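Note: the block below is protein.txt and it holds compact mmCIF, C-alpha atoms.
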```txt
# COMPACT_ATOMS: atom_id res chain seq x y z
CA MET L 1 28.64 105.70 -2.80
CA ALA L 2 28.48 108.79 -0.61
CA GLU L 3 31.34 111.27 -0.80
CA LEU L 4 33.01 113.21 1.98
CA ILE L 5 34.88 116.39 1.04
CA ILE L 6 37.14 117.58 3.87
CA GLU L 7 38.86 120.93 4.15
CA GLN L 8 42.60 120.59 4.71
CA GLU L 9 42.56 122.58 7.97
CA VAL L 10 39.80 120.35 9.37
CA LEU L 11 41.69 117.20 8.45
CA ALA L 12 44.86 118.58 10.04
CA VAL L 13 43.02 119.00 13.37
CA MET L 14 41.76 115.39 13.28
CA GLU L 15 45.22 114.07 12.37
CA GLN L 16 46.95 116.07 15.09
CA ASP L 17 44.36 114.88 17.64
CA ALA L 18 45.06 111.25 16.65
CA ILE L 19 48.83 111.76 16.97
CA ASN L 20 48.55 113.61 20.29
CA ALA L 21 46.30 110.95 21.80
CA PHE L 22 48.54 108.05 20.66
CA PRO L 23 48.70 105.31 21.93
CA ASN L 24 45.12 106.02 23.03
CA GLU L 25 42.14 106.55 20.76
CA CYS L 26 41.00 110.12 20.09
CA CYS L 27 37.46 111.14 19.18
CA GLY L 28 35.38 114.12 18.12
CA PHE L 29 32.60 115.53 16.01
CA PHE L 30 32.61 117.18 12.61
CA PHE L 31 30.17 119.58 11.00
CA GLY L 32 29.30 120.83 7.55
CA LYS L 33 26.74 120.71 4.78
CA GLU L 34 25.08 117.84 2.97
CA GLU L 35 24.29 118.31 -0.72
CA GLY L 36 22.87 115.24 -2.41
CA GLU L 37 25.38 112.40 -2.06
CA SER L 38 28.18 114.78 -1.01
CA ARG L 39 29.04 116.01 2.45
CA LEU L 40 31.32 119.02 2.82
CA VAL L 41 33.17 118.95 6.17
CA LEU L 42 33.88 122.49 7.35
CA GLU L 43 34.47 122.32 11.11
CA VAL L 44 35.75 119.85 13.67
CA LEU L 45 35.34 119.60 17.43
CA PRO L 46 37.74 117.27 19.27
CA VAL L 47 36.27 115.96 22.54
CA GLU L 48 37.59 113.99 25.48
CA ASN L 49 37.69 110.21 25.28
CA THR L 50 36.02 109.32 28.59
CA LYS L 51 36.21 105.54 28.26
CA GLU L 52 37.16 104.02 31.60
CA GLY L 53 39.76 101.33 31.17
CA ASP L 54 41.81 100.72 28.05
CA GLN L 55 41.61 103.83 25.84
CA ARG L 56 44.06 102.22 23.40
CA ARG L 57 41.18 100.04 22.20
CA ARG L 58 38.01 101.93 23.03
CA PHE L 59 36.52 105.42 23.05
CA LYS L 60 33.43 106.93 24.59
CA ILE L 61 31.85 110.39 24.30
CA GLU L 62 29.74 111.76 27.14
CA PRO L 63 26.09 112.70 26.48
CA GLU L 64 26.86 116.27 27.59
CA SER L 65 29.49 116.53 24.83
CA TYR L 66 26.95 115.23 22.34
CA MET L 67 24.38 117.83 23.39
CA ARG L 68 27.06 120.53 23.08
CA ALA L 69 27.84 119.35 19.55
CA GLU L 70 24.16 119.49 18.53
CA ARG L 71 23.93 123.04 19.92
CA HIS L 72 27.14 124.02 18.11
CA ALA L 73 25.70 122.77 14.81
CA LEU L 74 22.51 124.74 15.39
CA SER L 75 24.34 127.96 16.28
CA ARG L 76 26.63 127.70 13.23
CA GLY L 77 23.85 126.77 10.80
CA LEU L 78 25.65 123.51 9.99
CA ASP L 79 24.76 119.82 10.14
CA LEU L 80 26.35 117.54 12.71
CA LEU L 81 27.68 115.15 10.07
CA GLY L 82 29.41 112.52 12.14
CA ILE L 83 32.09 111.24 14.48
CA TYR L 84 35.80 110.66 13.98
CA HIS L 85 38.05 108.42 16.04
CA SER L 86 41.46 106.81 15.74
CA HIS L 87 42.63 103.19 15.60
CA PRO L 88 46.18 103.24 17.05
CA LEU L 89 48.36 100.55 15.42
CA HIS L 90 45.30 99.04 13.74
CA PRO L 91 43.76 99.39 10.25
CA ALA L 92 41.18 102.10 9.54
CA ILE L 93 38.43 99.50 9.33
CA PRO L 94 35.40 99.61 11.66
CA SER L 95 35.25 96.91 14.31
CA GLU L 96 32.12 94.99 15.24
CA HIS L 97 31.98 97.23 18.32
CA ASP L 98 32.06 100.31 16.07
CA ARG L 99 29.20 98.88 13.99
CA SER L 100 27.02 97.82 16.90
CA GLN L 101 27.23 101.29 18.45
CA ALA L 102 26.79 103.27 15.24
CA MET L 103 23.87 105.50 14.39
CA PRO L 104 22.27 105.68 10.95
CA TRP L 105 23.03 108.66 8.68
CA PHE L 106 26.22 109.72 10.50
CA SER L 107 29.56 109.45 8.71
CA TYR L 108 32.21 107.67 10.80
CA ILE L 109 35.77 108.73 10.00
CA ILE L 110 38.51 106.37 11.20
CA LEU L 111 42.19 107.35 11.30
CA SER L 112 44.76 104.59 11.48
CA VAL L 113 47.67 106.05 13.44
CA GLU L 114 51.20 105.07 14.44
CA GLU L 115 53.46 107.08 16.67
CA ASN L 116 53.87 110.48 14.94
CA ALA L 117 52.21 109.39 11.69
CA ILE L 118 48.78 108.91 10.12
CA VAL L 119 48.77 105.66 8.16
CA ASP L 120 45.29 105.65 6.62
CA LEU L 121 42.00 107.50 6.67
CA THR L 122 38.57 106.06 5.83
CA SER L 123 34.92 106.99 6.31
CA TRP L 124 31.90 104.75 6.74
CA GLN L 125 28.13 105.02 6.89
CA LEU L 126 25.51 102.46 7.98
CA ASN L 127 23.17 101.20 5.29
CA ASN L 128 19.58 100.11 5.90
CA SER L 129 20.77 96.63 6.95
CA ARG L 130 22.97 98.22 9.66
CA GLU L 131 26.13 97.29 7.75
CA PHE L 132 28.91 99.79 7.13
CA GLU L 133 29.50 101.03 3.59
CA LYS L 134 32.70 102.89 2.74
CA GLU L 135 32.48 106.52 1.68
CA THR L 136 34.95 108.15 -0.68
CA ILE L 137 37.07 110.95 0.82
CA LYS L 138 38.32 113.99 -1.05
CA GLN L 139 40.54 116.65 0.44
CA LEU L 140 40.06 120.31 -0.40
CA MET J 1 2.66 119.82 25.42
CA ALA J 2 6.00 118.22 26.25
CA ARG J 3 8.61 118.37 23.52
CA ILE J 4 11.04 115.69 22.32
CA ILE J 5 14.27 116.86 20.67
CA ILE J 6 15.32 114.51 17.87
CA PRO J 7 19.09 114.08 17.32
CA THR J 8 20.46 114.83 13.85
CA PRO J 9 21.06 111.19 12.72
CA LEU J 10 17.44 110.23 13.42
CA ARG J 11 15.81 113.17 11.67
CA LYS J 12 15.70 111.35 8.36
CA PHE J 13 13.06 109.17 10.04
CA THR J 14 11.01 112.18 11.21
CA SER J 15 10.68 114.00 7.89
CA ASN J 16 13.59 116.22 9.00
CA GLN J 17 11.67 117.45 12.05
CA ALA J 18 13.95 118.28 14.99
CA LYS J 19 11.10 118.50 17.52
CA PHE J 20 8.05 116.40 18.34
CA GLU J 21 5.24 117.48 20.65
CA THR J 22 3.45 114.93 22.79
CA GLU J 23 0.71 114.74 25.40
CA GLY J 24 2.29 111.67 26.99
CA LYS J 25 2.43 111.64 30.80
CA THR J 26 5.64 109.63 31.10
CA VAL J 27 8.86 109.28 29.09
CA SER J 28 7.63 105.86 27.96
CA GLU J 29 4.32 107.28 26.66
CA ALA J 30 6.15 110.11 24.91
CA ILE J 31 8.55 107.72 23.13
CA LEU J 32 5.62 105.48 22.16
CA ALA J 33 3.78 108.47 20.67
CA LEU J 34 6.91 109.40 18.71
CA THR J 35 7.49 105.90 17.32
CA THR J 36 3.80 105.55 16.50
CA SER J 37 3.94 108.75 14.45
CA TYR J 38 7.23 107.78 12.80
CA GLY J 39 7.23 103.99 12.42
CA ASN J 40 10.66 103.78 10.74
CA LEU J 41 12.23 105.39 13.80
CA LYS J 42 11.15 102.59 16.10
CA GLN J 43 13.89 100.06 15.31
CA HIS J 44 16.56 102.66 16.13
CA LEU J 45 15.12 103.59 19.54
CA VAL J 46 13.56 100.52 21.11
CA ASP J 47 13.96 96.75 20.97
CA ASP J 48 11.23 94.17 20.25
CA GLU J 49 9.99 94.48 23.84
CA GLY J 50 9.69 98.25 23.58
CA LYS J 51 12.71 98.90 25.84
CA LEU J 52 15.12 101.68 24.94
CA ARG J 53 18.18 100.36 23.08
CA SER J 54 21.48 100.35 24.95
CA PHE J 55 23.04 103.02 22.72
CA VAL J 56 20.15 105.45 23.20
CA ARG J 57 20.12 107.78 26.20
CA VAL J 58 17.17 109.92 27.17
CA TYR J 59 17.46 113.14 29.15
CA LEU J 60 14.67 115.07 30.83
CA GLY J 61 15.99 118.61 30.85
CA ASP J 62 19.60 118.18 31.97
CA GLU J 63 19.05 114.89 33.80
CA ASP J 64 19.53 111.36 32.55
CA ILE J 65 16.26 109.46 33.09
CA ASN J 66 18.37 106.58 34.45
CA VAL J 67 18.91 108.63 37.63
CA LEU J 68 15.18 109.47 37.75
CA GLN J 69 12.51 106.82 37.25
CA LYS J 70 13.84 105.58 33.90
CA GLU J 71 11.11 105.17 31.26
CA ALA J 72 8.43 105.61 33.95
CA THR J 73 9.69 109.14 34.70
CA PRO J 74 6.70 111.51 34.72
CA ILE J 75 6.80 114.49 32.37
CA GLU J 76 5.11 117.89 32.54
CA LYS J 77 3.52 120.02 29.82
CA ASP J 78 6.67 122.11 29.52
CA SER J 79 9.14 119.21 29.73
CA ILE J 80 11.93 118.95 27.19
CA ILE J 81 13.06 115.40 26.46
CA SER J 82 16.33 114.90 24.56
CA ILE J 83 17.18 111.68 22.76
CA ILE J 84 20.95 111.28 22.77
CA PRO J 85 22.94 108.61 20.96
CA ALA J 86 25.54 107.02 23.25
CA ILE J 87 28.67 107.52 21.16
CA ALA J 88 31.29 104.81 21.60
CA GLY J 89 33.45 102.42 19.62
CA GLY J 90 37.04 101.43 19.05
CA ILE J 91 39.33 98.70 17.82
CA ALA J 92 37.81 95.98 19.95
```
Can the structure from this file be put into structure tokens for me?
Amino acid sequence: MAELIIEQEVLAVMEQDAINAFPNECCGFFFGKEEGESRLVLEVLPVENTKEGDQRRRFKIEPESYMRAERHALSRGLDLLGIYHSHPLHPAIPSEHDRSQAMPWFSYIILSVEENAIVDLTSWQLNNSREFEKETIKQL
Amino acid sequence: MARIIIPTPLRKFTSNQAKFETEGKTVSEAILALTTSYGNLKQHLVDDEGKLRSFVRVYLGDEDINVLQKEATPIEKDSIISIIPAIAGGIA
């Protein structure tokens, strides 16, 4: 099982983004280094959820934001490791919609959030059968 | 030759190469050349009919090919084509 090691400051940004966006879903990118089965998450970039309609149940990131994230990774000498988003008032388990839209290799962090509180935090990666496998998370 | 920029999550299918050069004359020919060179990439970019998958966007320079001539969009020798995953998801 792959392992995600997240710096405390990075995690705090994701958690605050999830709380600020509540009851809507937040989203963003994270960056770091991959070493074997471990991924060290060093930086985070919150981006706007541009989903039209019900943002309490869906998120969308614009292609321009994606290109900016790739350029950021290049300029910082880091890997674009994945995407985080929140599930307000729902478990931190990927939905079928999450799975169908997911890219291989990326880690997908999900934060389950209630008003003013993070309830759970998980991370997932697609396997070769396009099914999500859970990653372990360690905090630095 | 035109250049295709490969997004990070697909580089494991291109031997970690971030760029691919092609002599294709259209976006469609360029993508075909890429998936011919890297067979394992194909299932992540196109469906069984060779059409781009719904969660894959392709930009020519700064323009989405969907506002140009889609996959038939002509490309030049100095064109830069970016493959961009459409990032979306959520509870339901």
### Task
Pull out every residue of chain L sitting within 10 Å of chain J, counting only C-alpha atoms, and send them as a PyMOL selection string.
chain L and resi 25-28+49-51+55-67+70+73+79-83+85-107+110
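Put simply, CA of Arg76 (chain L) is 9.7 Å away from CA of Glu43 (chain L).
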Centre and edge lengths of an axis-aligned box around all listed atoms of region 118-129 of chain L, with 5 Å added on each side, are to be given in Å to one decimal, as JSON.
```
{"center_x": 34.2, "center_y": 102.8, "center_z": 7.7, "size_x": 39.2, "size_y": 22.3, "size_z": 14.8}
```
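If you measure from each of L:Glu52, L:Pro46, L:Ala12, L:Ile6 to Gly32 (chain L) using all atoms listed in the file, the closest one turns out to be L:Ile6.
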#### Entry: Within 9 Å of Arg53 (chain J) using only C-alpha atoms, minus same-chain residues under 6 positions, as JSON, numbers by chain
{"J": [43, 44, 45, 46, 47]}
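The space between CA of Ala33 (chain J) and CA of Ile4 (chain J) spans 10.4 Å.
In this comparison, which uses all atoms listed in the file, the residue of L:Glu133, L:Phe30, L:Tyr108, L:Glu7 approaching Leu121 (chain L) most closely is L:Tyr108.
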### Shell of 9 Å around Thr26 (chain J), all atoms listed in the file, local chain residues under 3 positions omitted, as a count of residues only
9
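If you count all atoms listed in the file and ignore residues fewer than 5 places along the chain from Leu32 (chain J), what sits within 9 Å of it is Gly24, Val27, Ser37, Lys42 and Gly50 of chain J.
Nearest residue to Arg39 (chain L) among L:Ser123, L:Asn116, L:Asn128, L:Asn20 is L:Ser123, counting only C-alpha atoms.
Relative to CA of Ser112 (chain L), CA of Ser129 (chain L) is found at 25.7 Å.
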### Message
Neighbouring residues of Leu11 (chain L) were defined as those with any atom within 12 Å, considering only C-alpha atoms; residues of the same chain fewer than 6 positions away were excluded. Please report them as a VMD selection string.
### Response
chain L and resid 4 to 5 17 to 18 28 to 30 40 to 46 84 109 to 111 118 121 to 122 137 to 140
